[in-house]
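Q: Provided below: data02.tsv, containing TSV, C-alpha atoms and all ligand atoms.
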```
chain	number	residue	atom	x	y	z
A	1	MET	CA	-156.52	31.74	-27.30
A	2	GLY	CA	-159.99	33.09	-28.12
A	3	ILE	CA	-161.02	34.93	-31.25
A	4	ASN	CA	-160.96	38.64	-30.47
A	5	ILE	CA	-162.99	41.49	-31.94
A	6	ALA	CA	-161.94	44.93	-30.68
A	7	ILE	CA	-164.32	47.87	-30.99
A	8	ASP	CA	-162.97	51.27	-30.00
A	9	GLY	CA	-164.39	54.74	-30.35
A	10	PRO	CA	-165.53	57.86	-28.54
A	11	ALA	CA	-168.30	58.13	-25.93
A	12	GLY	CA	-171.78	57.76	-27.37
A	13	ALA	CA	-170.85	56.21	-30.73
A	14	GLY	CA	-173.08	53.21	-29.93
A	15	LYS	CA	-170.25	50.80	-29.18
A	16	SER	CA	-171.99	48.85	-26.43
A	17	THR	CA	-175.32	48.40	-28.26
A	18	ILE	CA	-173.51	47.27	-31.39
A	19	ALA	CA	-170.86	45.14	-29.66
A	20	LYS	CA	-173.60	43.31	-27.73
A	21	LYS	CA	-175.47	42.49	-30.93
A	22	VAL	CA	-172.33	41.33	-32.73
A	23	ALA	CA	-171.43	39.13	-29.74
A	24	LYS	CA	-174.91	37.59	-29.69
A	25	GLU	CA	-174.82	36.90	-33.41
A	26	LEU	CA	-171.48	35.06	-33.09
A	27	SER	CA	-172.10	33.51	-29.63
A	28	PHE	CA	-169.07	35.37	-28.25
A	29	ILE	CA	-169.03	37.08	-24.87
A	30	TYR	CA	-169.34	40.84	-24.77
A	31	VAL	CA	-166.81	42.64	-22.57
A	32	ASP	CA	-167.61	46.24	-21.69
A	33	THR	CA	-164.30	47.69	-20.46
A	34	GLY	CA	-165.88	51.11	-19.81
A	35	ALA	CA	-167.86	49.45	-17.01
A	36	MET	CA	-164.58	48.39	-15.38
A	37	TYR	CA	-163.29	52.00	-15.47
A	38	ARG	CA	-166.64	53.11	-14.10
A	39	ALA	CA	-166.37	50.58	-11.23
A	40	MET	CA	-162.94	51.99	-10.42
A	41	ALA	CA	-164.40	55.51	-10.53
A	42	LEU	CA	-167.21	54.46	-8.18
A	43	TYR	CA	-164.64	53.06	-5.75
A	44	LEU	CA	-162.65	56.33	-5.83
A	45	LEU	CA	-165.79	58.46	-5.44
A	46	GLU	CA	-166.96	56.38	-2.47
A	47	LYS	CA	-163.56	56.80	-0.85
A	48	GLY	CA	-163.63	60.54	-1.60
A	49	ILE	CA	-160.36	60.30	-3.50
A	50	ASN	CA	-159.20	62.60	-6.24
A	51	GLY	CA	-155.85	63.94	-7.29
A	52	ASP	CA	-153.53	61.78	-9.35
A	53	GLU	CA	-151.11	60.68	-6.64
A	54	LYS	CA	-153.89	59.51	-4.36
A	55	ILE	CA	-155.60	57.68	-7.24
A	56	SER	CA	-152.35	55.82	-8.05
A	57	GLU	CA	-152.16	54.54	-4.51
A	58	ALA	CA	-155.85	53.92	-3.83
A	59	CYS	CA	-156.67	52.08	-7.08
A	60	HIS	CA	-154.89	48.93	-5.84
A	61	GLY	CA	-157.61	48.54	-3.22
A	62	ALA	CA	-160.25	47.99	-5.90
A	63	ASP	CA	-160.66	44.31	-6.70
A	64	ILE	CA	-162.71	44.32	-9.91
A	65	SER	CA	-163.96	41.23	-11.71
A	66	ILE	CA	-166.84	40.36	-14.00
A	67	ARG	CA	-169.31	37.54	-14.34
A	68	TYR	CA	-172.32	36.92	-16.58
A	69	GLU	CA	-175.95	36.61	-15.53
A	70	ASN	CA	-178.42	35.72	-18.30
A	71	GLY	CA	-175.79	36.81	-20.78
A	72	GLU	CA	-175.41	40.27	-19.18
A	73	GLN	CA	-172.05	41.41	-17.85
A	74	GLN	CA	-172.06	42.08	-14.11
A	75	VAL	CA	-169.24	44.03	-12.49
A	76	ILE	CA	-168.11	42.97	-9.04
A	77	LEU	CA	-166.24	45.50	-6.92
A	78	ASN	CA	-164.68	44.11	-3.73
A	79	GLY	CA	-167.28	41.36	-3.59
A	80	LYS	CA	-170.31	43.55	-4.34
A	81	ASN	CA	-172.28	43.63	-7.59
A	82	VAL	CA	-172.16	47.34	-8.53
A	83	THR	CA	-173.52	47.07	-12.09
A	84	SER	CA	-176.63	49.14	-11.43
A	85	PHE	CA	-174.60	52.10	-10.09
A	86	LEU	CA	-172.28	52.51	-13.05
A	87	ARG	CA	-174.30	54.45	-15.63
A	88	LYS	CA	-174.68	57.68	-13.62
A	89	GLU	CA	-173.21	60.84	-15.19
A	90	GLU	CA	-171.13	61.49	-12.08
A	91	VAL	CA	-169.50	58.07	-12.33
A	92	GLY	CA	-168.90	58.47	-16.09
A	93	ASN	CA	-167.24	61.83	-15.60
A	94	MET	CA	-165.00	60.51	-12.82
A	95	ALA	CA	-164.14	57.48	-15.00
A	96	SER	CA	-163.04	59.79	-17.77
A	97	VAL	CA	-160.65	61.49	-15.32
A	98	SER	CA	-159.37	58.47	-13.39
A	99	SER	CA	-158.89	56.36	-16.54
A	100	ALA	CA	-156.05	58.72	-17.53
A	101	ASN	CA	-154.07	57.43	-14.54
A	102	PRO	CA	-151.42	54.86	-15.65
A	103	GLU	CA	-151.77	52.78	-12.47
A	104	VAL	CA	-155.51	52.50	-13.02
A	105	ARG	CA	-154.94	51.34	-16.59
A	106	ALA	CA	-152.26	48.81	-15.61
A	107	HIS	CA	-154.57	47.48	-12.89
A	108	LEU	CA	-157.37	46.74	-15.41
A	109	LEU	CA	-155.20	45.60	-18.33
A	110	LYS	CA	-154.56	42.12	-16.92
A	111	LEU	CA	-158.25	41.45	-16.30
A	112	GLN	CA	-159.12	42.51	-19.86
A	113	ARG	CA	-156.34	40.44	-21.48
A	114	ASN	CA	-157.17	37.34	-19.44
A	115	LEU	CA	-160.78	37.46	-20.58
A	116	ALA	CA	-159.66	37.61	-24.20
A	117	VAL	CA	-157.27	34.68	-23.80
A	118	GLU	CA	-159.88	32.44	-22.23
A	119	ASN	CA	-162.90	33.37	-24.40
A	120	ASN	CA	-164.06	34.45	-27.83
A	121	VAL	CA	-164.80	38.10	-27.12
A	122	VAL	CA	-166.19	41.27	-28.55
A	123	MET	CA	-164.48	43.85	-26.34
A	124	ASP	CA	-165.27	47.54	-26.51
A	125	GLY	CA	-163.35	50.50	-25.12
A	126	ARG	CA	-160.83	53.13	-26.13
A	127	ASP	CA	-157.50	51.30	-26.43
A	128	ILE	CA	-158.50	47.71	-27.12
A	129	GLY	CA	-157.14	47.60	-30.69
A	130	THR	CA	-154.04	49.67	-29.89
A	131	THR	CA	-152.93	48.41	-26.46
A	132	ILE	CA	-155.00	45.65	-24.88
A	133	LEU	CA	-155.42	43.29	-27.84
A	134	PRO	CA	-152.97	44.42	-30.52
A	135	ASN	CA	-153.34	41.01	-32.22
A	136	ALA	CA	-157.14	41.02	-32.33
A	137	GLU	CA	-158.45	39.29	-35.48
A	138	VAL	CA	-160.88	42.17	-36.14
A	139	LYS	CA	-160.49	45.81	-35.12
A	140	ILE	CA	-163.20	48.39	-35.61
A	141	PHE	CA	-163.00	52.10	-34.89
A	142	LEU	CA	-166.61	53.16	-34.45
A	143	THR	CA	-167.35	56.85	-34.47
A	144	ALA	CA	-170.06	59.43	-35.21
A	145	SER	CA	-170.09	63.21	-35.18
A	146	ALA	CA	-170.27	64.85	-31.73
A	147	ARG	CA	-173.63	66.40	-32.68
A	148	THR	CA	-175.08	63.00	-33.67
A	149	ARG	CA	-173.84	61.42	-30.45
A	150	ALA	CA	-175.30	64.26	-28.37
A	151	ASN	CA	-178.67	63.94	-30.14
A	152	ARG	CA	-178.74	60.18	-29.48
A	153	ARG	CA	-177.92	60.65	-25.79
A	154	TYR	CA	-180.57	63.39	-25.53
A	155	LEU	CA	-183.23	61.09	-27.02
A	156	GLU	CA	-182.19	58.22	-24.75
A	157	LEU	CA	-182.49	60.38	-21.60
A	158	THR	CA	-185.72	62.04	-22.73
A	159	GLU	CA	-187.27	58.62	-23.41
A	160	LYS	CA	-186.37	57.62	-19.85
A	161	GLY	CA	-188.18	60.76	-18.67
A	162	GLU	CA	-184.97	62.43	-17.45
A	163	ALA	CA	-184.75	66.21	-17.83
A	164	CYS	CA	-181.66	67.19	-19.81
A	165	ASP	CA	-180.16	69.93	-21.91
A	166	LEU	CA	-178.88	69.15	-25.41
A	167	GLU	CA	-176.13	71.78	-25.43
A	168	ALA	CA	-174.87	70.62	-22.01
A	169	ILE	CA	-174.75	67.03	-23.28
A	170	LEU	CA	-172.84	68.15	-26.38
A	171	LYS	CA	-170.31	70.01	-24.24
A	172	ASP	CA	-169.88	66.96	-22.00
A	173	ILE	CA	-169.22	64.76	-25.04
A	174	ILE	CA	-166.68	67.19	-26.48
A	175	ASP	CA	-164.89	67.49	-23.11
A	176	ARG	CA	-164.79	63.73	-22.70
A	177	ASP	CA	-163.42	63.22	-26.24
A	178	GLU	CA	-160.78	65.82	-25.51
A	179	ARG	CA	-159.64	64.03	-22.33
A	180	ASP	CA	-159.75	60.55	-23.91
A	181	MET	CA	-157.81	61.59	-27.03
A	182	ASN	CA	-155.17	63.71	-25.36
A	183	ARG	CA	-154.12	61.70	-22.34
A	184	ALA	CA	-150.51	60.46	-22.23
A	185	VAL	CA	-151.27	56.77	-21.63
A	186	SER	CA	-153.34	54.81	-24.14
A	187	PRO	CA	-155.20	57.72	-25.71
A	188	LEU	CA	-158.27	57.05	-27.80
A	189	LYS	CA	-156.92	56.54	-31.30
A	190	GLN	CA	-157.71	54.42	-34.34
A	191	ALA	CA	-155.31	51.45	-34.63
A	192	GLU	CA	-153.50	51.38	-37.97
A	193	ASP	CA	-155.16	48.11	-38.93
A	194	ALA	CA	-158.65	49.06	-37.68
A	195	VAL	CA	-161.60	49.49	-40.04
A	196	LEU	CA	-163.21	52.93	-39.61
A	197	VAL	CA	-167.00	52.89	-39.33
A	198	ASP	CA	-168.79	56.24	-39.07
A	199	SER	CA	-172.29	55.56	-37.79
A	200	SER	CA	-173.59	59.16	-38.16
A	201	GLU	CA	-175.77	58.18	-41.10
A	202	MET	CA	-176.18	54.48	-40.31
A	203	GLY	CA	-178.77	52.52	-38.34
A	204	ILE	CA	-177.77	50.01	-35.65
A	205	ASP	CA	-178.40	46.90	-37.77
A	206	GLU	CA	-176.48	48.37	-40.66
A	207	VAL	CA	-173.43	48.85	-38.43
A	208	VAL	CA	-173.79	45.33	-36.99
A	209	ASP	CA	-173.95	43.87	-40.52
A	210	LYS	CA	-170.89	45.85	-41.57
A	211	ILE	CA	-168.87	44.48	-38.62
A	212	LEU	CA	-170.05	40.91	-39.26
A	213	PHE	CA	-169.02	41.34	-42.89
A	214	VAL	CA	-165.52	42.47	-41.83
A	215	TYR	CA	-165.33	39.50	-39.41
A	216	ARG	CA	-166.35	36.96	-42.05
A	217	GLU	CA	-163.84	38.33	-44.51
A	218	LYS	CA	-160.98	38.10	-42.00
A	219	VAL	CA	-161.67	35.00	-39.94
A	301	LIG	O1	-167.42	53.71	-22.47
A	301	LIG	P1	-167.78	54.36	-21.18
A	301	LIG	O2	-168.43	55.70	-21.32
A	301	LIG	O3	-168.53	53.45	-20.26
A	301	LIG	O4	-166.36	54.63	-20.45
A	301	LIG	C1	-166.24	55.46	-19.33
A	301	LIG	C2	-164.87	56.14	-19.37
A	301	LIG	O5	-163.85	55.15	-19.17
A	301	LIG	C3	-164.54	56.81	-20.70
A	301	LIG	O6	-164.85	58.17	-20.72
A	301	LIG	C4	-163.05	56.62	-20.86
A	301	LIG	O7	-162.35	57.72	-20.33
A	301	LIG	C5	-162.73	55.43	-19.98
A	301	LIG	N1	-162.36	54.24	-20.74
A	301	LIG	C6	-161.05	54.09	-21.09
A	301	LIG	N2	-160.63	52.96	-21.73
A	301	LIG	C7	-161.50	51.99	-22.02
A	301	LIG	C8	-162.87	52.14	-21.70
A	301	LIG	C9	-163.28	53.29	-21.07
A	301	LIG	O8	-160.23	54.96	-20.84
A	301	LIG	N3	-161.05	50.87	-22.60
```
Would you mind writing the file's structure down as structure tokens?
A:
Amino acid sequence: MGINIAIDGPAGAGKSTIAKKVAKELSFIYVDTGAMYRAMALYLLEKGINGDEKISEACHGADISIRYENGEQQVILNGKNVTSFLRKEEVGNMASVSSANPEVRAHLLKLQRNLAVENNVVMDGRDIGTTILPNAEVKIFLTASARTRANRRYLELTEKGEACDLEAILKDIIDRDERDMNRAVSPLKQAEDAVLVDSSEMGIDEVVDKILFVYREKV
């Protein structure tokens, strides 16, 4: 059994940036479960499938696995490396819808648990501390205000030269939170034994240090 660090929280709280740094610091592997939901969403979009019943049936046709190249997680969908297609808004929005489907969640649960059994992992997502790895040694609930998260996303897109609208981003974040927190299966929620970290007023390194501190105290 590996040592498991679970980091959950809403979209845009900085989970992946921070989880990656924590993993590097401890020589653990970083598992981005959002990318797996995004790969499933990509599969459904490519097949033109929506509607819950159809998703339940179709999701079994998506064979999703991961591998690492130069320390970076790559997502393989039915034999094809789809990593570079996963960050699009369209895919993220579909992922937020299709991830509410119980069959989709059951399909990805095994893959996530197996990775955590075989490796020391920092795994980020929405239900890692509550459902996937309830016995994780360290659980963090990483959040920030919706406004802060929208500002960060706006800066990120503007730096990449992409035209975007701050209020539209904020609305997207609020809608996504709403769907993630209110779905029936594995909603986004802080595990009882998770440490709450609000990064609204914190820099990246400060958050990383805080998590490493929690880890060293517990393990
Ligand atoms: O974290 P990321 O934005 O890549 O996740 C995409 C979507 O996948 C989220 O909006 C969320 O609905 C879903 N997700 C999930 N459970 C996870 C990880 C992501 O439901 N463990």
Q: With only C-alpha atoms and all ligand atoms as the atoms that count, which of A:Leu170, A:Val97, A:Ala194, A:Ala144 lies nearest to ligand LIG 301 (chain A)?
A: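 Using only C-alpha atoms and all ligand atoms, ligand LIG 301 (chain A) sits closest to A:Val97.
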Q: Using all atoms listed in the file, which protein or nucleic acid residues come within 10 Å of Lys20 in chain A? Drop anything in the same chain fewer than 5 positions from it, and give the result as a list of chain:residue names.
A: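 Within the cut-off, the hits are A:Lys15, A:Glu25, A:Phe28, A:Ile29, A:Tyr30, A:Val31, A:Asp32, A:Gly71, A:Glu72, A:Val122, A:Met123, A:Asp124, A:Val208.
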Q: Would you pick out the contacts of range 2-4 of chain A at 9 Å or less, using all atoms listed in the file, so that residues sharing its chain but fewer than 2 positions from it are not included, and give the list as an NGL selection string?
A: :A and (6 or 28 or 115-123 or 133 or 135-139 or 219)
Q: Give the residue list for ligand LIG 301 (chain A) at 7 Å, counting all atoms listed in the file, as a PyMOL selection string, sorted by chain and then by residue number.
A: chain A and resi 11+33-35+37-38+92-93+95-97+99-100+124-128+176+180
Q: What does the distance from CA of Val82 in chain A to CA of Asp165 in chain A come to in Å, to one decimal?
A: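 Straight-line distance from CA of Val82 in chain A to CA of Asp165 in chain A works out to 27.4 Å.
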Q: Within 7 Å of range 148-164 of chain A, counting all atoms listed in the file, which residues qualify if same-chain residues fewer than 4 places away don't, as number ranges by chain?
A: A: 12-13, 144, 169-170, 173, 200
Q: Quick one: residues within 12 Å of Glu57 in chain A, all atoms listed in the file counted, chain neighbours fewer than 3 positions away excluded, as a CSV table (one decimal) with C-alpha atoms, in the coordinates of the input?
A:
```csv
chain,number,residue,atom,x,y,z
A,44,LEU,CA,-162.6,56.3,-5.8
A,49,ILE,CA,-160.4,60.3,-3.5
A,50,ASN,CA,-159.2,62.6,-6.2
A,51,GLY,CA,-155.8,63.9,-7.3
A,52,ASP,CA,-153.5,61.8,-9.4
A,53,GLU,CA,-151.1,60.7,-6.6
A,54,LYS,CA,-153.9,59.5,-4.4
A,60,HIS,CA,-154.9,48.9,-5.8
A,61,GLY,CA,-157.6,48.5,-3.2
A,62,ALA,CA,-160.2,48.0,-5.9
A,101,ASN,CA,-154.1,57.4,-14.5
A,102,PRO,CA,-151.4,54.9,-15.6
A,103,GLU,CA,-151.8,52.8,-12.5
A,104,VAL,CA,-155.5,52.5,-13.0
A,107,HIS,CA,-154.6,47.5,-12.9
```
Q: One decimal, Å: what's the distance from CA of Ile174 in chain A over to CA of Pro134 in chain A, could you say?
A: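 For CA of Ile174 in chain A relative to CA of Pro134 in chain A, the distance reads 26.9 Å.
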Q: Report, in Å with one decimal, the straight-line distance from CA of Asn70 in chain A to CA of Lys210 in chain A.
A: 26.5 Å
Q: As a list in words, please: the residues near Gly9 in chain A (cut-off 6 Å, only C-alpha atoms, same-chain neighbours under 6 positions excluded).
A: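 These residues fall inside the cut-off: Arg126, Phe141, Leu142 and Thr143 of chain A.
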Q: For Ser186 in chain A, which of A:Ile64, A:Ile132, A:Ala146, A:Val214 is the closest residue, counting only C-alpha atoms?
A: A:Ile132
Q: Calculated over all atoms listed in the file, which of the candidates A:Ser199, A:Ser56, A:Ser27, A:Gln74 has the smallest distance to Ser145 in chain A?
A: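 For Ser145 in chain A, the nearest of the given residues is A:Ser199.
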